[in-house]
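**Student:** There's a structure below that I have some questions on.
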Amino acid sequence: MMDGKLEAKNISMHFKDYQALSDVNFTLEGNKIVGLIGRNGAGKTTLLSILAAYRDATVGYVEANGKLVFENAKYMKNSTFLYEAPVKDLQDQKASKYFEKLQLYRPNFDKTYANELMKRFKVPDNKNLSKLSKGQLSAFNMIVGLASRTPITILDEVYLGMDAPTRSMFYKELLNEQEKHPRLFILSTHLVSEMEYLFDEVMMIHEGKLLLHDDYQSIIERGYFITGSHDDVDEFCSGIDVLIEETIGGSKTVLIYEDLKEQDIQEARAAGLDISQAKLQDLFTHLTGGEH
Ligand SMILES: Nc1ncnc2c1ncn2[C@@H]1O[C@H](COP(=O)(O)OP(=O)(O)OP(=O)(O)O)[C@@H](O)[C@H]1O
């Protein structure tokens with residue numbers, strides 16, 4: 001659907017004297033699910049609102065297929081940005097009324113699909129939207145995001161308020177929808193362990209800076225836990241940045257983020273070291289400063 005390019009160029013965002021984003025650069029290309037992960041206050045919402053052209057960056061700009069997105073009516077039509085249930089914007093209306101209006105400026109909006117999801121996610125359609133529970137409102141938001149079928153769909157922590165079974169249904173539906181109607185999804189989250197299997201690509205931001213941006217697989221393949229005798233682990237890790245280390249008796253475990261050669265891994269294992277792949281959640285926690 002999109003086969004296009006979304007580029008962030010030298011984006012910085014200042015709020016008075018507070019710098020929420022510092023020189024963020026990246027290119028997203030093609031149809032994929034991109035996970036934007038970052039701790040509380042890292043700058044996720046700020047970055048997404050700039051990507052969605054809801055606000056302009058203090059410095060830098062965003063382009064979609066080489067055209068500025070800010071104040072670009074065509075881009076607004078082709079993108080959806082959903083953030084924590086904007087109750088105020090919904091006023092007193094029922095879903096059906098809201099969908100009718102949405103159809104006017106979302107040419108791909110599929111009302112039949114939206115209504116089917118309303119049933120499946122048990123969002124009542126006979127109540128005013130302002131009367132929905134928190135979880136129902138999150139589900140409603142997610143339904144709008146999926147059924148709008150815009151080439152660019154940006155969901156800012158849209159799962160907030162959904163209970164665990166509902167979130168799990170949402171993830172399945174997202175994958176299902178991505179297969180049938182591929183587009184560029186950008187999802188922000190800190191539920192990393194729960195959502196990592198969804199991501200084709202990951203952007204990690206920390207204190208307003210883009211710390212990491214790569215294919216999910218490439219990131220995962222650089223994260224290792226290494227356990228063995230104190231000396232063996234130290235020897236293996238000489239010259240390698242260690243993210244965390246834990247010593248229990250004479251044995252030591254470290255987490256590293258590094259390209260290892262398959263041969264080095266084999267040799268280390270043969271020499272008695274235990275090497276296992278870390279999860280994105282481990283890397284996320286420790287690349288962004290640990291549990292402090
Ligand atoms: N309008 C504003 N004025 C001043 N500071 C702001 C404004 N909006 C955001 N900030 C600050 O910018 C930083 C990034 O905020 P942002 O909402 O983008 O973080 P986030 O990664 O989405 O966080 P969370 O996971 O907690 O939702 C925070 O320190 C926040 O206080």
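Within each chain, counting starts at residue 1; across the structure tokens, chains are named A, B, ... in the order shown, with ligands numbered 1 upward in that order.
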Please, which residues have at least one atom within 6 Å of an atom of ligand 1, using only C-alpha atoms and all ligand atoms, listed as a ChimeraX atom specification?

**Tutor:** /A:15,20,38-46

**Student:** Need the shell around range 145-155 of chain A: protein/DNA/RNA residues with any atom at most 6 Å away, counting only C-alpha atoms. Skip same-chain ones fewer than 6 positions apart. Format as a ChimeraX atom specification?

**Tutor:** /A:1-2,78-82,108-110,114,183-187

**Student:** Write a file of the selected residues as a PDB file, in the first residue's frame, keeping N, CA and C atoms.

**Tutor:**
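Result file is out27.pdb:
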```
ATOM      1  N   MET A   1       0.829  -1.207   0.000  1.00  0.00           N
ATOM      2  CA  MET A   1       0.000   0.000   0.000  1.00  0.00           C
ATOM      3  C   MET A   1       0.864   1.257   0.000  1.00  0.00           C
ATOM      4  N   MET A   2       1.892   1.238   0.856  1.00  0.00           N
ATOM      5  CA  MET A   2       2.675   2.465   0.961  1.00  0.00           C
ATOM      6  C   MET A   2       3.944   2.386   0.111  1.00  0.00           C
ATOM      7  N   ASN A  78      -3.617  10.218   4.726  1.00  0.00           N
ATOM      8  CA  ASN A  78      -3.029   8.881   4.596  1.00  0.00           C
ATOM      9  C   ASN A  78      -2.405   8.346   5.873  1.00  0.00           C
ATOM     10  N   SER A  79      -2.561   9.085   6.941  1.00  0.00           N
ATOM     11  CA  SER A  79      -1.965   8.608   8.191  1.00  0.00           C
ATOM     12  C   SER A  79      -2.979   8.700   9.325  1.00  0.00           C
ATOM     13  N   THR A  80      -2.802   7.829  10.289  1.00  0.00           N
ATOM     14  CA  THR A  80      -3.651   7.836  11.483  1.00  0.00           C
ATOM     15  C   THR A  80      -2.745   7.895  12.688  1.00  0.00           C
ATOM     16  N   PHE A  81      -3.083   8.734  13.641  1.00  0.00           N
ATOM     17  CA  PHE A  81      -2.327   8.816  14.884  1.00  0.00           C
ATOM     18  C   PHE A  81      -3.314   8.637  16.028  1.00  0.00           C
ATOM     19  N   LEU A  82      -3.120   7.588  16.798  1.00  0.00           N
ATOM     20  CA  LEU A  82      -4.013   7.382  17.928  1.00  0.00           C
ATOM     21  C   LEU A  82      -3.213   7.342  19.211  1.00  0.00           C
ATOM     22  N   ASN A 108     -10.170   4.779   3.033  1.00  0.00           N
ATOM     23  CA  ASN A 108     -10.053   3.320   3.160  1.00  0.00           C
ATOM     24  C   ASN A 108     -10.771   2.756   4.375  1.00  0.00           C
ATOM     25  N   PHE A 109     -11.398   3.629   5.158  1.00  0.00           N
ATOM     26  CA  PHE A 109     -12.045   3.152   6.376  1.00  0.00           C
ATOM     27  C   PHE A 109     -13.080   2.082   6.049  1.00  0.00           C
ATOM     28  N   ASP A 110     -12.989   0.943   6.730  1.00  0.00           N
ATOM     29  CA  ASP A 110     -13.891  -0.175   6.465  1.00  0.00           C
ATOM     30  C   ASP A 110     -14.877  -0.333   7.635  1.00  0.00           C
ATOM     31  N   ALA A 114     -14.897  -2.533  11.066  1.00  0.00           N
ATOM     32  CA  ALA A 114     -14.931  -1.832  12.360  1.00  0.00           C
ATOM     33  C   ALA A 114     -16.054  -2.392  13.237  1.00  0.00           C
ATOM     34  N   ARG A 183       0.757  -2.350   5.796  1.00  0.00           N
ATOM     35  CA  ARG A 183       1.012  -0.907   5.871  1.00  0.00           C
ATOM     36  C   ARG A 183       2.157  -0.670   6.845  1.00  0.00           C
ATOM     37  N   LEU A 184       2.507   0.577   7.052  1.00  0.00           N
ATOM     38  CA  LEU A 184       3.543   0.889   8.031  1.00  0.00           C
ATOM     39  C   LEU A 184       2.868   1.190   9.365  1.00  0.00           C
ATOM     40  N   PHE A 185       3.099   0.316  10.325  1.00  0.00           N
ATOM     41  CA  PHE A 185       2.602   0.535  11.682  1.00  0.00           C
ATOM     42  C   PHE A 185       3.758   0.998  12.550  1.00  0.00           C
ATOM     43  N   ILE A 186       3.543   2.014  13.341  1.00  0.00           N
ATOM     44  CA  ILE A 186       4.532   2.392  14.345  1.00  0.00           C
ATOM     45  C   ILE A 186       3.823   2.334  15.700  1.00  0.00           C
ATOM     46  N   LEU A 187       4.323   1.481  16.564  1.00  0.00           N
ATOM     47  CA  LEU A 187       3.670   1.274  17.860  1.00  0.00           C
ATOM     48  C   LEU A 187       4.627   1.638  18.973  1.00  0.00           C
TER      49      LEU A 187
END
```

**Student:** Got a sec: who's within 12 Å of range 117-132 of chain A, counting only C-alpha atoms, leaving out chain neighbours fewer than 3 positions off, as a PyMOL selection string?

**Tutor:** chain A and resi 85-99+110-114+135-147+161-163+165-170+173-174+177

**Student:** Rank nothing, just name the residue among A:His206, A:Lys101, A:Arg269, A:His286 nearest to Asp232 in chain A, using only C-alpha atoms.

**Tutor:**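 So, comparing all the options, the nearest one is A:Arg269.
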
**Student:** Running DSSP on the backbone, which parts of range 127-204 of chain A land in helix (DSSP H, G or I), as a PyMOL selection string?

**Tutor:** chain A and resi 129-131+134-148+164-180+192-198

**Student:** Using C-alpha atoms, can you export the residues from the last selection as a PDB file, in the first residue's frame?

**Tutor:**
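Generated file (selection.pdb):
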```
ATOM      1  CA  LEU A 129     -18.429   7.020  23.478  1.00  0.00           C
ATOM      2  CA  SER A 130     -17.883   9.312  26.453  1.00  0.00           C
ATOM      3  CA  LYS A 131     -19.565   6.657  28.636  1.00  0.00           C
ATOM      4  CA  LYS A 134     -11.208   2.883  29.986  1.00  0.00           C
ATOM      5  CA  GLY A 135     -10.571  -0.518  28.441  1.00  0.00           C
ATOM      6  CA  GLN A 136     -13.510  -0.195  26.039  1.00  0.00           C
ATOM      7  CA  LEU A 137     -12.257   3.187  24.943  1.00  0.00           C
ATOM      8  CA  SER A 138      -8.758   1.808  24.299  1.00  0.00           C
ATOM      9  CA  ALA A 139     -10.309  -0.989  22.265  1.00  0.00           C
ATOM     10  CA  PHE A 140     -12.410   1.542  20.360  1.00  0.00           C
ATOM     11  CA  ASN A 141      -9.282   3.558  19.595  1.00  0.00           C
ATOM     12  CA  MET A 142      -7.494   0.463  18.365  1.00  0.00           C
ATOM     13  CA  ILE A 143     -10.493  -0.402  16.170  1.00  0.00           C
ATOM     14  CA  VAL A 144     -10.370   3.054  14.588  1.00  0.00           C
ATOM     15  CA  GLY A 145      -6.631   2.547  14.004  1.00  0.00           C
ATOM     16  CA  LEU A 146      -7.007  -0.820  12.327  1.00  0.00           C
ATOM     17  CA  ALA A 147     -10.170  -0.130  10.326  1.00  0.00           C
ATOM     18  CA  SER A 148      -8.932   3.208   8.954  1.00  0.00           C
ATOM     19  CA  ALA A 164      -4.292  -8.969  29.277  1.00  0.00           C
ATOM     20  CA  PRO A 165      -6.680 -11.175  27.244  1.00  0.00           C
ATOM     21  CA  THR A 166      -7.847  -8.138  25.250  1.00  0.00           C
ATOM     22  CA  ARG A 167      -4.264  -7.085  24.551  1.00  0.00           C
ATOM     23  CA  SER A 168      -3.489 -10.553  23.330  1.00  0.00           C
ATOM     24  CA  MET A 169      -6.526 -10.440  20.989  1.00  0.00           C
ATOM     25  CA  PHE A 170      -5.369  -7.056  19.759  1.00  0.00           C
ATOM     26  CA  TYR A 171      -1.865  -8.351  18.917  1.00  0.00           C
ATOM     27  CA  LYS A 172      -3.327 -11.269  16.982  1.00  0.00           C
ATOM     28  CA  GLU A 173      -5.684  -8.995  15.096  1.00  0.00           C
ATOM     29  CA  LEU A 174      -2.840  -6.610  14.275  1.00  0.00           C
ATOM     30  CA  LEU A 175      -0.796  -9.423  12.702  1.00  0.00           C
ATOM     31  CA  ASN A 176      -3.835 -10.694  10.876  1.00  0.00           C
ATOM     32  CA  GLU A 177      -4.617  -7.249   9.503  1.00  0.00           C
ATOM     33  CA  GLN A 178      -0.983  -6.628   8.550  1.00  0.00           C
ATOM     34  CA  GLU A 179      -1.036  -9.775   6.468  1.00  0.00           C
ATOM     35  CA  LYS A 180      -4.253  -8.846   4.676  1.00  0.00           C
ATOM     36  CA  VAL A 192       8.453  -4.947  25.556  1.00  0.00           C
ATOM     37  CA  SER A 193       8.446  -8.613  26.504  1.00  0.00           C
ATOM     38  CA  GLU A 194       4.778  -8.923  25.673  1.00  0.00           C
ATOM     39  CA  MET A 195       4.951  -7.193  22.298  1.00  0.00           C
ATOM     40  CA  GLU A 196       8.398  -7.911  20.917  1.00  0.00           C
ATOM     41  CA  TYR A 197       7.208 -10.779  18.728  1.00  0.00           C
ATOM     42  CA  LEU A 198       5.162  -8.276  16.736  1.00  0.00           C
TER      43      LEU A 198
END
```

**Student:** Within 8 Å of Asp215 in chain A, counting only C-alpha atoms, which residues qualify if same-chain residues fewer than 6 places away don't, as an NGL selection string?

**Tutor:** :A and (200-202)

**Student:** Rank A:Asp23, A:His230, A:Gly223, A:Phe284 by their smallest atom-to-atom distance to Leu255 in chain A, using only C-alpha atoms, and report the top residue only.

**Tutor:**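 Nearest to Leu255 in chain A: A:Gly223.
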
**Student:** Please extract the residues of range 175-289 of chain A with a backbone DSSP assignment of strand (DSSP E) and present them as a VMD selection string.

**Tutor:** chain A and resid 184 to 189 201 to 206 209 to 215 223 to 229 242 to 248 251 to 257 274 to 277

**Student:** Quick one: distance from CA of Ala268 in chain A to CA of Cys237 in chain A in Å, one decimal?

**Tutor:**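 The value is 10.8 Å.
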